[in-house]
Structure formats: C-alpha cells, structure tokens
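Structure file upload_20.txt; described as compact mmCIF, C-alpha atoms.
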# COMPACT_ATOMS: atom_id res chain seq x y z
CA MET H 1 157.47 -52.92 -136.09
CA THR H 2 154.14 -53.73 -134.48
CA LEU H 3 151.05 -52.14 -135.91
CA ASP H 4 148.80 -51.06 -133.02
CA VAL H 5 145.38 -50.71 -134.64
CA GLN H 6 141.87 -51.93 -134.11
CA ARG H 7 141.41 -55.25 -135.88
CA PRO H 8 138.86 -55.12 -138.69
CA ASP H 9 135.99 -57.59 -138.64
CA PRO H 10 136.57 -60.84 -140.49
CA PRO H 11 135.33 -60.90 -144.07
CA GLU H 12 131.93 -62.29 -144.94
CA LEU H 13 132.51 -65.05 -147.44
CA GLU H 14 130.25 -65.10 -150.46
CA ALA H 15 129.37 -67.90 -152.86
CA PHE H 16 131.82 -67.30 -155.66
CA ASP H 17 133.65 -69.75 -157.88
CA PRO H 18 137.37 -69.48 -156.99
CA ASN H 19 138.27 -70.55 -160.51
CA GLU H 20 137.13 -67.08 -161.60
CA TYR H 21 140.18 -65.60 -159.84
CA GLU H 22 143.33 -65.28 -161.91
CA ASP H 23 145.43 -66.62 -159.04
CA ALA H 24 143.42 -69.72 -158.06
CA GLU H 25 142.54 -73.06 -159.56
CA VAL H 26 140.39 -75.55 -157.71
CA VAL H 27 139.96 -79.05 -159.10
CA GLY H 28 137.24 -81.52 -158.17
CA GLU H 29 134.59 -81.08 -155.52
CA THR H 30 132.91 -77.69 -155.40
CA ASP H 31 131.85 -77.60 -151.74
CA TYR H 32 134.04 -74.70 -150.69
CA ARG H 33 132.75 -74.88 -147.09
CA ARG H 34 132.57 -71.13 -146.80
CA GLU H 35 129.96 -71.15 -144.03
CA GLU H 36 132.21 -73.26 -141.83
CA LEU H 37 135.29 -71.19 -142.68
CA GLU H 38 133.39 -67.99 -141.94
CA GLN H 39 132.42 -69.40 -138.55
CA PHE H 40 136.05 -70.34 -137.82
CA LEU H 41 137.10 -66.80 -138.73
CA ALA H 42 134.50 -65.39 -136.33
CA ASP H 43 135.55 -67.88 -133.64
CA GLY H 44 139.08 -66.50 -133.52
CA ALA H 45 141.07 -67.59 -136.56
CA TRP H 46 140.88 -64.10 -138.09
CA GLU H 47 141.90 -62.43 -134.83
CA ARG H 48 144.86 -64.77 -134.27
CA ALA H 49 146.17 -64.41 -137.82
CA PHE H 50 145.62 -60.65 -137.83
CA ARG H 51 147.48 -60.23 -134.53
CA GLN H 52 150.44 -62.23 -135.89
CA TRP H 53 150.40 -60.25 -139.15
CA ALA H 54 150.19 -56.87 -137.35
CA ALA H 55 153.22 -57.77 -135.24
CA ASP H 56 155.42 -58.13 -138.32
CA VAL H 57 154.26 -55.54 -140.86
CA GLU H 58 156.72 -52.96 -142.11
CA PHE H 59 154.39 -49.97 -142.40
CA ASP H 60 152.60 -47.47 -140.21
CA GLU H 61 148.99 -46.62 -139.39
CA GLU H 62 148.71 -44.28 -142.38
CA VAL H 63 149.15 -47.19 -144.79
CA PHE H 64 146.79 -49.32 -142.71
CA ASP H 65 144.21 -46.52 -142.91
CA ILE H 66 144.40 -46.67 -146.72
CA MET H 67 143.68 -50.39 -146.56
CA ARG H 68 140.77 -49.79 -144.21
CA ASP H 69 139.40 -46.92 -146.36
CA LEU H 70 139.40 -49.23 -149.37
CA GLU H 71 137.67 -51.97 -147.33
CA MET H 72 140.36 -54.39 -148.41
CA PHE H 73 140.03 -56.64 -145.36
CA GLN H 74 136.37 -57.28 -146.15
CA ARG H 75 137.22 -58.30 -149.73
CA PHE H 76 139.25 -61.36 -148.78
CA ASP H 77 137.87 -64.69 -149.87
CA PHE H 78 138.68 -68.05 -148.28
CA PHE H 79 137.53 -71.42 -149.56
CA TRP H 80 138.20 -75.10 -149.00
CA ASP H 81 140.09 -76.93 -151.73
CA SER H 82 139.38 -80.57 -150.94
CA HIS H 83 141.55 -81.91 -153.76
CA ALA H 84 144.65 -80.17 -152.39
CA ASP H 85 143.56 -80.56 -148.72
CA ARG H 86 144.10 -76.88 -148.08
CA VAL H 87 142.39 -73.58 -147.53
CA GLY H 88 142.65 -71.43 -150.61
CA TYR H 89 142.30 -67.70 -150.61
CA HIS H 90 142.08 -64.65 -152.76
CA ALA H 91 143.60 -61.47 -151.40
CA PRO H 92 142.38 -58.11 -152.62
CA GLY H 93 144.92 -55.79 -154.15
CA ILE H 94 145.50 -52.36 -155.57
CA PRO H 95 145.33 -52.50 -159.36
CA GLU H 96 148.28 -51.58 -161.55
CA ASP H 97 146.39 -48.61 -162.99
CA TRP H 98 145.89 -47.06 -159.54
CA LYS H 99 147.39 -43.77 -160.64
CA GLU H 100 145.17 -43.29 -163.69
CA ARG H 101 142.08 -44.29 -161.71
CA GLU H 102 142.93 -42.03 -158.77
CA TYR H 103 142.30 -45.08 -156.61
CA HIS H 104 142.96 -43.39 -153.26
CA PRO H 105 144.22 -39.85 -152.53
CA ASP H 106 146.93 -41.05 -150.13
CA ILE H 107 148.47 -43.56 -152.53
CA ASP H 108 151.32 -41.72 -154.16
CA SER H 109 153.93 -44.35 -155.02
CA TRP H 110 154.49 -47.83 -156.38
CA HIS H 111 156.24 -48.59 -153.12
CA ILE H 112 153.02 -48.15 -151.13
CA THR H 113 150.95 -50.21 -153.57
CA SER H 114 153.51 -53.01 -153.58
CA MET H 115 153.76 -52.95 -149.80
CA ILE H 116 149.97 -53.13 -149.42
CA ASN H 117 149.55 -55.90 -151.97
CA ALA H 118 152.38 -57.99 -150.49
CA SER H 119 151.15 -57.55 -146.94
CA LEU H 120 147.61 -58.59 -147.87
CA THR H 121 149.02 -61.72 -149.49
CA GLU H 122 150.92 -62.44 -146.27
CA LEU H 123 147.77 -61.93 -144.19
CA GLY H 124 145.82 -64.28 -146.45
CA GLN H 125 148.49 -66.95 -146.09
CA LEU H 126 148.55 -66.57 -142.30
CA VAL H 127 144.78 -66.91 -142.13
CA CYS H 128 144.92 -70.08 -144.25
CA GLU H 129 147.65 -71.58 -142.08
CA THR H 130 145.77 -70.71 -138.90
CA LEU H 131 142.56 -72.24 -140.23
CA LYS H 132 144.26 -75.42 -141.42
CA ASP H 133 146.50 -75.91 -138.38
CA ASP H 134 144.14 -74.93 -135.58
CA TYR H 135 140.54 -75.20 -136.77
CA ILE H 136 140.04 -77.68 -139.59
CA ASP H 137 139.91 -81.38 -138.93
CA TRP H 138 138.03 -82.44 -142.07
CA GLU H 139 138.92 -85.70 -143.66
CA THR H 140 140.12 -85.43 -147.22
CA GLU H 141 138.36 -87.71 -149.64
CA TYR H 142 141.28 -87.75 -152.09
CA GLU H 143 143.61 -90.69 -151.71
CA ALA H 144 147.00 -90.82 -153.38
CA PRO H 145 147.68 -93.82 -155.64
CA ASP H 146 149.53 -96.74 -154.08
CA ASP H 147 152.18 -96.79 -156.79
CA LEU H 148 153.84 -93.46 -155.97
CA PRO H 149 157.62 -93.76 -155.61
CA ASP H 150 159.21 -93.43 -152.17
CA PHE H 151 161.66 -90.54 -151.87
What is this structure when it is put down as structure tokens?
Amino acid sequence: MTLDVQRPDPPELEAFDPNEYEDAEVVGETDYRREELEQFLADGAWERAFRQWAADVEFDEEVFDIMRDLEMFQRFDFFWDSHADRVGYHAPGIPEDWKEREYHPDIDSWHITSMINASLTELGQLVCETLKDDYIDWETEYEAPDDLPDF
C-alpha cells in the first residue's frame, strides 16, 4: 500500500545528549554533527527516505493524520555516532499509557499505537541508511586494533 500524502518538513535537530534516550548509547566523541545532518535532511535525504517509507507502510491516511496531529515527524532526532561510524536516531512514539492520558481522540487500540511506533522506527532507520549511504563521507577517527582475529 502506498501512502499518498504531503511529506512533512524534516525535523529541526536540537542540541541534546543522545545518552539521555533510553534506546541510545553513544561512546566517545560528542560532536553529533547535527547541523550537517540537518542540512543533509533539507537537501533531500528526508524526502528520499520518506518517499521510500510511504511506499511500504501498511496503514491509511487516517493513521498518518494522527502522526501529523501529534507532530511526531518533527520530534525525530538524528545524530552522528563517530565511535560506531553510524547515524544514530531517536524515533518519537506513543507512550504505553496513551489511553489513560487521552493522548489523541482517534487512537482507540493497541494495534494503532503499535503500528505507529513500529512505522516511525522504520522511518528513522531508513533516514539513517539514506544519510550514511548517500550523504555522509566523513572519515571515522576510530581504528580497530591490529590483533583482531580473521573470520
């Protein structure tokens, strides 16, 4: 199923320590290169990843509208992890207590929340892959030890 919707603007990346996220751990250098990543997103990485993601999602415009209402696309965070030579990310999500908090009037099942959370994770991964494969050519300062075994 292809989702035919207007692409949201790429997120504005803010100075935030990724180690504060429960799902991220960055070791070593703390230059997360957010300004450069934000420029790559504006230069087309966000659009390319979003287009690929929208071509494969398993939900309709109503679910997308919930995500847009909650400004979930703007709450993504992307950062450079020089130690792992990768782009890290934090995807927003709907909290487990969505029902008690009356998080959004159109969210009425665990199925919808799971679908939204999983699809945002997929979008984050696609953005990271697009950035790393097509935009980033930074040299990694980390060098593996010479005594690693050959497999």
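Comparing H:Glu96, H:Glu38, H:Glu129, H:Glu12 by their smallest distance to H:Asn117, the closest is H:Glu96 (using only C-alpha atoms).
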Name all residues at most 7 Å from H:Leu3 (count all atoms listed in the file; drop same-chain ones fewer than 5 positions away) and give them as a list in words.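 Neighbouring residues, sequence-local ones excluded: Ala54, Ala55, Val57, Asp60 and Glu61 of chain H.
Take the candidates H:Trp138, H:Trp53, H:Tyr32, H:Phe59 and check each one against H:Asp77 using only C-alpha atoms; the shortest distance goes to H:Tyr32.
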Counting only C-alpha atoms, note down every residue that has an atom within 12 Å of the point (144.3, -45.9, -146.2) (file coordinates), as a PDB file with C-alpha atoms, in the coordinates of the input.
ATOM      1  CA  PHE H  59     154.390 -49.970-142.400  1.00  0.00           C
ATOM      2  CA  ASP H  60     152.600 -47.470-140.210  1.00  0.00           C
ATOM      3  CA  GLU H  61     148.990 -46.620-139.390  1.00  0.00           C
ATOM      4  CA  GLU H  62     148.710 -44.280-142.380  1.00  0.00           C
ATOM      5  CA  VAL H  63     149.150 -47.190-144.790  1.00  0.00           C
ATOM      6  CA  PHE H  64     146.790 -49.320-142.710  1.00  0.00           C
ATOM      7  CA  ASP H  65     144.210 -46.520-142.910  1.00  0.00           C
ATOM      8  CA  ILE H  66     144.400 -46.670-146.720  1.00  0.00           C
ATOM      9  CA  MET H  67     143.680 -50.390-146.560  1.00  0.00           C
ATOM     10  CA  ARG H  68     140.770 -49.790-144.210  1.00  0.00           C
ATOM     11  CA  ASP H  69     139.400 -46.920-146.360  1.00  0.00           C
ATOM     12  CA  LEU H  70     139.400 -49.230-149.370  1.00  0.00           C
ATOM     13  CA  GLU H  71     137.670 -51.970-147.330  1.00  0.00           C
ATOM     14  CA  MET H  72     140.360 -54.390-148.410  1.00  0.00           C
ATOM     15  CA  PHE H  73     140.030 -56.640-145.360  1.00  0.00           C
ATOM     16  CA  ILE H  94     145.500 -52.360-155.570  1.00  0.00           C
ATOM     17  CA  TYR H 103     142.300 -45.080-156.610  1.00  0.00           C
ATOM     18  CA  HIS H 104     142.960 -43.390-153.260  1.00  0.00           C
ATOM     19  CA  PRO H 105     144.220 -39.850-152.530  1.00  0.00           C
ATOM     20  CA  ASP H 106     146.930 -41.050-150.130  1.00  0.00           C
ATOM     21  CA  ILE H 107     148.470 -43.560-152.530  1.00  0.00           C
ATOM     22  CA  ASP H 108     151.320 -41.720-154.160  1.00  0.00           C
ATOM     23  CA  ILE H 112     153.020 -48.150-151.130  1.00  0.00           C
ATOM     24  CA  THR H 113     150.950 -50.210-153.570  1.00  0.00           C
ATOM     25  CA  ILE H 116     149.970 -53.130-149.420  1.00  0.00           C
TER      26      ILE H 116
END
Separation of atom CA of H:Val5 from atom CA of H:Asp133 in Å: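 Atom-to-atom, atom CA of H:Asp133 to atom CA of H:Val5, that is 25.5 Å.
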For atom CA of H:Tyr135 and atom CA of H:Pro10, determine how far apart the two atoms are, in Å to one decimal place.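 Answer for the atom CA of H:Tyr135 to atom CA of H:Pro10 separation: 15.4 Å.
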From H:Glu36, H:Glu58, H:His90, H:Trp98, residue lying nearest H:Arg75 [only C-alpha atoms]: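 Of H:Glu36, H:Glu58, H:His90, H:Trp98, the one nearest H:Arg75 is H:His90, counting only C-alpha atoms.
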I need the residue nearest H:Leu131 from this list: H:Ser109, H:Gln74, H:Thr2, H:Gln39. Use all atoms listed in the file for the distance. H:Gln39
Counting only C-alpha atoms, the option among H:Gly44, H:Glu102, H:Phe50, H:Ala15 closest to H:Leu123: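 Checking each of H:Gly44, H:Glu102, H:Phe50, H:Ala15 against H:Leu123, counting only C-alpha atoms, the winner is H:Phe50.
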Residue neighbourhood H:Lys132, 12 Å, all atoms listed in the file, exclusion window fewer than 2 positions, as a PyMOL selection string: chain H and resi 37+40-41+45+49+78-82+84-88+125-130+134-139
